[in-house]
>>> print(open('target_6.cif').read())   # mmCIF, C-alpha atoms
data_start
loop_
_atom_site.label_atom_id
_atom_site.label_comp_id
_atom_site.auth_asym_id
_atom_site.auth_seq_id
_atom_site.Cartn_x
_atom_site.Cartn_y
_atom_site.Cartn_z
CA MET A 24 191.18 144.90 253.29
CA PRO A 25 187.88 146.37 251.99
CA LYS A 26 185.19 147.63 254.38
CA TRP A 27 182.72 144.90 253.46
CA PHE A 28 185.09 142.13 254.51
CA LEU A 29 184.52 142.00 258.29
CA PRO A 30 180.69 142.34 258.23
CA LEU A 31 180.44 139.64 255.59
CA ALA A 32 182.82 137.41 257.56
CA GLY A 33 180.48 137.81 260.55
CA VAL A 34 177.46 136.93 258.42
CA ASN A 35 179.28 133.88 257.08
CA ALA A 36 180.17 132.70 260.59
CA VAL A 37 176.51 132.96 261.64
CA MET A 38 175.44 131.09 258.49
CA PHE A 39 177.90 128.27 259.21
CA ALA A 40 176.60 128.09 262.78
CA ALA A 41 173.01 127.80 261.50
CA ALA A 42 173.73 125.27 258.73
CA PRO A 43 173.91 122.15 261.00
CA PHE A 44 170.40 122.88 262.31
CA LEU A 45 168.95 123.00 258.78
CA ILE A 46 170.87 119.87 257.82
CA ALA A 47 169.62 118.04 260.92
CA ARG A 48 166.02 119.03 260.10
CA ALA A 49 166.20 117.80 256.50
CA ASP A 50 164.57 114.43 255.80
CA TYR A 51 166.64 111.26 255.78
CA GLU A 52 167.22 109.77 252.34
CA SER A 53 165.28 106.48 252.05
CA THR A 54 168.10 104.09 251.20
CA MET A 55 171.21 105.78 252.61
CA GLY A 56 169.77 107.20 255.82
CA LEU A 57 171.98 109.26 258.14
CA VAL A 58 175.19 109.05 256.12
CA GLN A 59 173.57 110.92 253.19
CA LYS A 60 173.74 114.10 255.29
CA ILE A 61 177.43 114.32 254.31
CA PHE A 62 176.00 115.49 250.96
CA TYR A 63 175.14 118.96 252.37
CA PHE A 64 178.82 119.88 252.79
CA HIS A 65 180.22 117.52 250.13
CA MET A 66 178.37 118.98 247.13
CA PRO A 67 179.00 122.69 247.99
CA SER A 68 182.70 122.04 248.63
CA ALA A 69 182.90 120.15 245.32
CA SER A 70 181.25 123.13 243.58
CA MET A 71 183.76 125.53 245.16
CA PHE A 72 186.57 123.22 244.08
CA LEU A 73 185.38 123.44 240.46
CA LEU A 74 184.75 127.19 240.77
CA SER A 75 188.30 127.70 242.09
CA ALA A 76 189.68 125.77 239.11
CA VAL A 77 187.64 127.96 236.71
CA VAL A 78 188.73 131.22 238.41
CA CYS A 79 192.35 130.02 238.38
CA GLY A 80 192.08 129.08 234.68
CA ILE A 81 190.46 132.36 233.56
CA ALA A 82 192.92 134.47 235.57
CA SER A 83 195.83 132.42 234.20
CA ALA A 84 194.59 132.91 230.62
CA ARG A 85 194.35 136.65 231.22
CA PHE A 86 197.83 136.62 232.76
CA LEU A 87 199.28 134.66 229.82
CA PHE A 88 197.70 136.85 227.13
CA GLY A 89 197.64 140.19 229.02
CA GLY A 90 200.63 139.89 231.35
CA SER A 91 198.80 141.46 234.31
CA PRO A 92 200.45 140.55 237.67
CA ARG A 93 197.08 141.15 239.34
CA GLN A 94 195.60 138.24 237.38
CA ASP A 95 198.59 136.11 238.32
CA ARG A 96 197.98 136.82 242.01
CA LEU A 97 194.30 135.92 241.59
CA ALA A 98 195.21 132.65 239.84
CA HIS A 99 197.71 131.72 242.55
CA SER A 100 195.14 132.38 245.28
CA ALA A 101 192.40 130.43 243.48
CA ALA A 102 194.76 127.44 243.01
CA GLU A 103 195.30 127.26 246.76
CA LEU A 104 191.53 127.31 247.32
CA ALA A 105 191.14 124.54 244.73
CA VAL A 106 193.50 122.42 246.83
CA LEU A 107 191.56 123.23 250.03
CA PHE A 108 188.06 122.58 248.67
CA GLY A 109 189.30 119.62 246.61
CA ALA A 110 190.71 118.04 249.79
CA ILE A 111 187.35 118.48 251.55
CA THR A 112 185.54 116.92 248.58
CA LEU A 113 187.93 114.01 248.26
CA VAL A 114 187.80 113.19 251.98
CA THR A 115 184.05 113.60 252.61
CA GLY A 116 183.17 111.67 249.41
CA PRO A 117 184.88 108.40 250.39
CA LEU A 118 183.47 108.63 253.94
CA TRP A 119 179.99 108.74 252.39
CA ALA A 120 180.83 106.09 249.79
CA ARG A 121 182.08 103.60 252.40
CA LYS A 122 178.56 103.31 253.80
CA ALA A 123 176.52 103.97 250.64
CA TRP A 124 178.53 101.91 248.14
CA GLY A 125 180.48 99.58 250.43
CA VAL A 126 183.84 100.86 249.16
CA TRP A 127 186.00 103.87 250.00
CA TRP A 128 186.85 104.60 246.40
CA ALA A 129 185.88 103.55 242.87
CA TRP A 130 187.94 104.42 239.80
CA ASP A 131 184.92 105.76 237.94
CA VAL A 132 185.00 108.83 235.71
CA ARG A 133 183.70 111.41 238.22
CA LEU A 134 186.02 110.40 241.03
CA THR A 135 189.07 109.93 238.83
CA SER A 136 188.65 113.24 236.98
CA SER A 137 188.11 115.05 240.30
CA LEU A 138 191.30 113.53 241.69
CA MET A 139 193.09 114.57 238.51
CA GLY A 140 191.83 118.17 238.85
CA TRP A 141 193.00 118.24 242.47
CA MET A 142 196.45 116.97 241.48
CA VAL A 143 196.65 119.66 238.78
CA ALA A 144 195.96 122.30 241.46
CA TRP A 145 198.73 120.79 243.62
CA ALA A 146 201.03 120.75 240.58
CA TYR A 147 200.27 124.45 240.03
CA LEU A 148 201.31 125.30 243.61
CA LEU A 149 204.42 123.10 243.51
CA VAL A 150 205.55 124.62 240.20
CA ARG A 151 205.02 128.12 241.64
CA LYS A 152 207.01 127.28 244.78
CA TYR A 153 209.90 125.29 243.35
CA GLY A 154 209.84 126.04 239.61
CA GLY A 155 212.20 129.01 239.68
CA PRO A 156 212.11 131.85 237.11
CA GLY A 157 209.37 131.49 234.51
CA SER A 158 207.35 129.14 236.69
CA ASP A 159 204.43 131.59 236.67
CA LYS A 160 203.89 131.00 232.92
CA LEU A 161 204.32 127.24 233.21
CA ALA A 162 201.87 127.13 236.13
CA ALA A 163 199.39 129.26 234.13
CA GLY A 164 199.48 126.61 231.40
CA LEU A 165 198.71 123.95 234.01
CA ALA A 166 195.78 126.05 235.24
CA LEU A 167 194.31 126.08 231.71
CA PHE A 168 194.45 122.30 231.74
CA GLY A 169 192.79 122.26 235.18
CA MET A 170 189.98 124.50 233.90
CA ALA A 171 189.45 122.34 230.79
CA ASN A 172 188.92 119.38 233.15
CA VAL A 173 186.00 121.07 234.96
CA PRO A 174 183.17 120.47 232.41
CA PHE A 175 184.43 116.89 232.09
CA VAL A 176 184.10 116.39 235.87
CA TYR A 177 180.60 117.89 235.83
CA ILE A 178 179.05 116.00 232.92
CA SER A 179 180.90 112.72 233.41
CA VAL A 180 178.16 111.22 235.61
CA ASN A 181 175.56 111.78 232.90
CA TYR A 182 177.53 110.22 230.04
CA TRP A 183 179.42 107.34 231.61
CA ARG A 184 178.12 104.46 233.66
CA THR A 185 179.03 105.25 237.24
CA ILE A 186 177.86 104.63 240.78
CA HIS A 187 178.08 108.34 241.61
CA PRO A 188 174.65 110.09 241.66
CA LYS A 189 173.76 112.03 238.50
CA THR A 190 173.50 115.83 238.28
CA SER A 191 169.69 115.44 238.00
CA VAL A 192 169.56 114.60 241.74
CA VAL A 193 169.99 118.23 242.83
CA PRO A 194 167.08 119.87 240.89
CA THR A 195 164.69 117.14 242.01
CA LEU A 196 165.41 117.43 245.74
CA PRO A 197 162.36 117.77 248.03
CA ALA A 198 161.88 121.19 249.68
CA ASP A 199 163.55 120.55 253.04
CA MET A 200 166.55 118.77 251.50
CA GLY A 201 166.83 121.52 248.87
CA THR A 202 166.69 124.29 251.50
CA ALA A 203 169.49 122.69 253.53
CA LEU A 204 171.59 122.14 250.41
CA TRP A 205 171.23 125.63 248.94
CA PHE A 206 171.80 127.25 252.33
CA SER A 207 175.05 125.27 252.67
CA PHE A 208 175.92 126.22 249.11
CA ALA A 209 175.45 129.93 249.95
CA CYS A 210 177.68 129.46 253.06
CA PHE A 211 180.45 127.93 250.96
CA LEU A 212 180.11 130.49 248.16
CA LEU A 213 180.45 133.37 250.62
CA LEU A 214 183.36 131.61 252.34
CA PHE A 215 185.04 131.11 248.97
CA THR A 216 184.66 134.84 248.16
CA LEU A 217 186.07 135.88 251.55
CA LEU A 218 188.98 133.42 251.45
CA LEU A 219 189.83 134.44 247.90
CA ARG A 220 189.86 138.10 248.92
CA VAL A 221 192.09 137.52 251.94
CA ARG A 222 194.41 135.26 249.94
CA VAL A 223 194.74 137.86 247.16
CA HIS A 224 195.51 140.44 249.88
CA LEU A 225 198.36 138.18 251.06
CA GLU A 226 199.78 138.04 247.52
CA GLU A 227 199.47 141.84 247.25
CA GLN A 228 201.42 142.25 250.49
CA ARG A 229 204.11 139.87 249.20
CA ALA A 230 204.38 141.92 246.00
CA LYS A 231 204.69 145.02 248.18
CA VAL A 232 207.57 143.40 250.09
CA ASP A 233 209.37 142.74 246.78
CA THR A 234 208.84 146.36 245.72
CA LEU A 235 210.11 147.63 249.07
CA TYR A 236 213.26 145.49 248.86
CA LEU A 237 213.92 146.89 245.37
CA SER A 238 213.47 150.46 246.55
CA LEU A 239 215.74 149.76 249.55
CA ASP A 240 218.52 148.51 247.25
CA GLU A 241 218.32 151.55 244.97
CA MET B 21 113.76 93.75 200.88
CA ARG B 22 116.98 91.78 200.70
CA SER B 23 119.14 94.89 200.92
CA SER B 24 117.27 96.18 203.98
CA LEU B 25 117.75 92.78 205.64
CA ILE B 26 121.48 93.00 204.95
CA ARG B 27 121.56 96.53 206.47
CA VAL B 28 119.76 95.34 209.63
CA LEU B 29 122.12 92.38 209.97
CA ALA B 30 125.13 94.65 209.48
CA LEU B 31 123.82 97.04 212.17
CA VAL B 32 123.20 94.17 214.60
CA PHE B 33 126.67 92.78 213.90
CA ALA B 34 128.29 96.18 214.42
CA LEU B 35 126.43 96.77 217.67
CA GLY B 36 127.38 93.28 218.78
CA ALA B 37 131.03 94.02 218.10
CA CYS B 38 130.93 97.30 220.07
CA ALA B 39 128.87 95.98 222.96
CA PRO B 40 131.66 94.27 224.95
CA GLN B 41 133.77 97.46 224.83
CA ALA B 42 130.85 99.64 225.88
CA ALA B 43 129.95 97.26 228.65
CA GLN B 44 133.55 97.08 229.92
CA LYS B 45 133.74 98.44 233.46
CA PRO B 46 136.81 100.28 234.77
CA GLN B 47 139.22 97.82 236.24
CA PRO B 48 139.94 98.25 239.94
CA GLN B 49 143.43 99.63 240.64
CA PRO B 50 145.79 96.92 241.84
CA GLN B 51 146.37 97.30 245.54
CA PRO B 52 149.95 97.20 246.80
CA ALA B 53 150.68 93.92 248.43
CA PRO B 54 150.99 94.14 252.21
CA PRO B 55 154.50 93.54 253.49
CA ALA B 56 155.23 89.94 254.16
CA ALA B 57 155.10 88.91 257.77
CA THR B 58 158.52 88.53 259.36
CA ASP B 59 159.12 84.85 259.85
CA GLU B 60 162.72 85.10 261.11
CA PHE B 61 165.11 87.62 262.69
CA VAL B 62 168.44 88.16 260.90
CA PRO B 63 171.38 89.10 263.14
CA ILE B 64 173.19 92.25 261.96
CA SER B 65 176.42 90.29 261.63
CA GLN B 66 174.87 88.39 258.70
CA LEU B 67 174.22 91.54 256.68
CA PRO B 68 176.58 92.77 253.96
CA ALA B 69 179.57 94.78 255.24
CA GLN B 70 178.19 98.24 254.30
CA ASP B 71 174.89 97.54 256.09
CA GLN B 72 176.67 96.60 259.32
CA LEU B 73 178.73 99.79 259.30
CA PRO B 74 177.35 102.50 261.63
CA ALA B 75 176.78 105.80 259.78
CA ALA B 76 177.35 108.22 262.69
CA PRO B 77 181.16 107.89 262.97
CA LEU B 78 181.51 108.45 259.21
CA LEU B 79 179.24 111.52 259.35
CA VAL B 80 181.04 112.97 262.38
CA THR B 81 184.45 112.35 260.78
CA ALA B 82 183.36 114.05 257.55
CA TYR B 83 182.05 117.18 259.30
CA ALA B 84 185.01 117.27 261.71
CA PHE B 85 187.40 117.13 258.76
CA VAL B 86 185.60 120.05 257.07
CA TRP B 87 185.86 122.22 260.20
CA VAL B 88 189.49 121.27 260.87
CA ALA B 89 190.49 121.92 257.25
CA LEU B 90 188.75 125.31 257.14
CA PHE B 91 190.09 126.48 260.52
CA GLY B 92 193.56 125.15 259.68
CA TYR B 93 193.56 127.07 256.42
CA LEU B 94 192.33 130.25 258.12
CA LEU B 95 195.11 129.95 260.72
CA SER B 96 197.68 129.34 258.00
CA VAL B 97 196.61 132.39 255.97
CA GLY B 98 196.45 134.51 259.15
CA ARG B 99 200.00 133.51 260.14
CA ARG B 100 201.39 134.18 256.68
CA LEU B 101 199.61 137.53 256.52
CA THR B 102 200.95 138.60 259.93
CA LYS B 103 204.48 137.61 258.91
CA VAL B 104 204.31 139.55 255.63
CA GLN B 105 202.71 142.54 257.34
CA ARG B 106 205.56 142.65 259.87
CA GLU B 107 208.08 142.55 257.03
CA VAL B 108 206.27 145.37 255.22
CA ASP B 109 206.32 147.48 258.41
CA ARG B 110 210.03 146.76 258.99
CA LEU B 111 210.97 147.64 255.41
CA GLU B 112 208.90 150.81 255.45
CA SER B 113 210.58 151.95 258.66
CA ASP B 114 214.01 151.10 257.16
CA ILE B 115 213.20 153.19 254.10
CA ALA B 116 211.90 156.04 256.28
CA ARG B 117 215.19 156.02 258.24
CA GLY B 118 217.12 156.64 255.04
CA PRO B 119 219.35 154.75 252.56
CA ARG B 120 221.68 152.00 253.74
CA THR B 121 225.39 152.76 253.85
#
>>> encode(input="target_6.cif", output="structure tokens")
Amino acid sequence: MPKWFLPLAGVNAVMFAAAPFLIARADYESTMGLVQKIFYFHMPSASMFLLSAVVCGIASARFLFGGSPRQDRLAHSAAELAVLFGAITLVTGPLWARKAWGVWWAWDVRLTSSLMGWMVAWAYLLVRKYGGPGSDKLAAGLALFGMANVPFVYISVNYWRTIHPKTSVVPTLPADMGTALWFSFACFLLLFTLLLRVRVHLEEQRAKVDTLYLSLDE
Amino acid sequence: MRSSLIRVLALVFALGACAPQAAQKPQPQPQPAPPAATDEFVPISQLPAQDQLPAAPLLVTAYAFVWVALFGYLLSVGRRLTKVQREVDRLESDIARGPRT
């Protein structure tokens, strides 16, 4: 692992410990009240979910057209993070919606396309695990589809009638709400970077095991 | 004489037309109506379902899930990494000992 990993992991742990204090100090939203504070972890995890899908898609495209195993390892790692952050998004969202909207789930465009992106990430991992020889290429194709879904997820709230808040909510946040949100966003972005690095390291070690087995057989 | 009379009349008419606008005073800003006095108490059980629902358990569940998911994933990656690292060490020592017979 690189030298910067442990110090940054320490910084990230301190940031995550500080985040609840900033979130608690942020003003209550006028109509939703306390439950709106789910937003401060929901939105950053949703952003990391979409970022993971984009990283997985770009790395898969580079693997498909360049054949680099390094890109394949990156794509595989990013797909796992898309499942993790997607799960957080899809669990915290309905918990917020139950109070704010009166329902756990609505089949509107944002929610449905997010669920679809999450299922594509799962499909990627399942194809990699059980797909047999050639599954890396098939999974890379799935990752391209997952990446194409990302802009659709993002803009859907602005173009279709939906009960989900629009993207314009974030730039218009008051100072204390904005501080709490962007601090949480920085926490999640650093966590994403660290998890991606450690997950890629795991794939590198697995590749090393394969190489060692081959050299043992020779 | 007649033309000057017409001019004077036209001036008076024009001034008369402008006068109400010039004399118009700025309208006072409408004041927000004070909230209506409460004339009855509504029990919480009569509110819609989402208004009766307490927010705290939902908030705690959401944050607890985030922490559990992140720690669970960290543990999972740590375990897998330890397992692979052990295998790498074992294979490297096997290779160092020499080829298999």
>>> interface_residues(input="target_6.cif", of="chain A", to="chain B", cutoff="10 Å", atoms="all atoms listed in the file", output="PyMOL selection string")
chain A and resi 43+55-65+68+103-104+107-108+110-112+114-126+214+218+221-222+224-236+238-241
>>> resolve_selection(input="target_6.cif", expression="the PyMOL selection byres ((chain A and resi 139) around 12)", output="PDB file with C-alpha atoms, in the frame of the given file")
ATOM      1  CA  LEU A  73     185.380 123.440 240.460  1.00  0.00           C
ATOM      2  CA  ALA A  76     189.680 125.770 239.110  1.00  0.00           C
ATOM      3  CA  ALA A 105     191.140 124.540 244.730  1.00  0.00           C
ATOM      4  CA  VAL A 106     193.500 122.420 246.830  1.00  0.00           C
ATOM      5  CA  GLY A 109     189.300 119.620 246.610  1.00  0.00           C
ATOM      6  CA  LEU A 113     187.930 114.010 248.260  1.00  0.00           C
ATOM      7  CA  TRP A 130     187.940 104.420 239.800  1.00  0.00           C
ATOM      8  CA  VAL A 132     185.000 108.830 235.710  1.00  0.00           C
ATOM      9  CA  ARG A 133     183.700 111.410 238.220  1.00  0.00           C
ATOM     10  CA  LEU A 134     186.020 110.400 241.030  1.00  0.00           C
ATOM     11  CA  THR A 135     189.070 109.930 238.830  1.00  0.00           C
ATOM     12  CA  SER A 136     188.650 113.240 236.980  1.00  0.00           C
ATOM     13  CA  SER A 137     188.110 115.050 240.300  1.00  0.00           C
ATOM     14  CA  LEU A 138     191.300 113.530 241.690  1.00  0.00           C
ATOM     15  CA  GLY A 140     191.830 118.170 238.850  1.00  0.00           C
ATOM     16  CA  TRP A 141     193.000 118.240 242.470  1.00  0.00           C
ATOM     17  CA  MET A 142     196.450 116.970 241.480  1.00  0.00           C
ATOM     18  CA  VAL A 143     196.650 119.660 238.780  1.00  0.00           C
ATOM     19  CA  ALA A 144     195.960 122.300 241.460  1.00  0.00           C
ATOM     20  CA  TRP A 145     198.730 120.790 243.620  1.00  0.00           C
ATOM     21  CA  ALA A 146     201.030 120.750 240.580  1.00  0.00           C
ATOM     22  CA  LEU A 165     198.710 123.950 234.010  1.00  0.00           C
ATOM     23  CA  PHE A 168     194.450 122.300 231.740  1.00  0.00           C
ATOM     24  CA  GLY A 169     192.790 122.260 235.180  1.00  0.00           C
ATOM     25  CA  MET A 170     189.980 124.500 233.900  1.00  0.00           C
ATOM     26  CA  ALA A 171     189.450 122.340 230.790  1.00  0.00           C
ATOM     27  CA  ASN A 172     188.920 119.380 233.150  1.00  0.00           C
ATOM     28  CA  VAL A 173     186.000 121.070 234.960  1.00  0.00           C
ATOM     29  CA  PHE A 175     184.430 116.890 232.090  1.00  0.00           C
ATOM     30  CA  VAL A 176     184.100 116.390 235.870  1.00  0.00           C
TER      31      VAL A 176
END
>>> residues_around(input="target_6.cif", residues="Pro67 in chain A", least_positions_apart="3", cutoff="7 Å", atoms="only C-alpha atoms", output="PyMOL selection string")
chain A and resi 63-64+70-71+207-208+211
>>> atom_distance(input="target_6.cif", atom1="CA of Ala203 in chain A", atom2="CA of Ala49 in chain A")
6.6 Å
>>> resolve_selection(input="target_6.cif", expression="the PyMOL selection byres ((chain A and resi 35-40) around 10)", output="PyMOL selection string")
chain A and resi 29-34+41-44+206-207+209-214+217
>>> atom_distance(input="target_6.cif", atom1="CA of Val193 in chain A", atom2="CA of Tyr177 in chain A")
12.7 Å
>>> resolve_selection(input="target_6.cif", expression="the PyMOL selection byres ((chain A and resi 185) around 8)", output="list in words")
Asp131, Val132, Arg133, Val180, Trp183, Arg184, Ile186, His187 and Pro188 of chain A
>>> atom_distance(input="target_6.cif", atom1="CA of Leu167 in chain A", atom2="CA of Ala84 in chain A")
6.9 Å
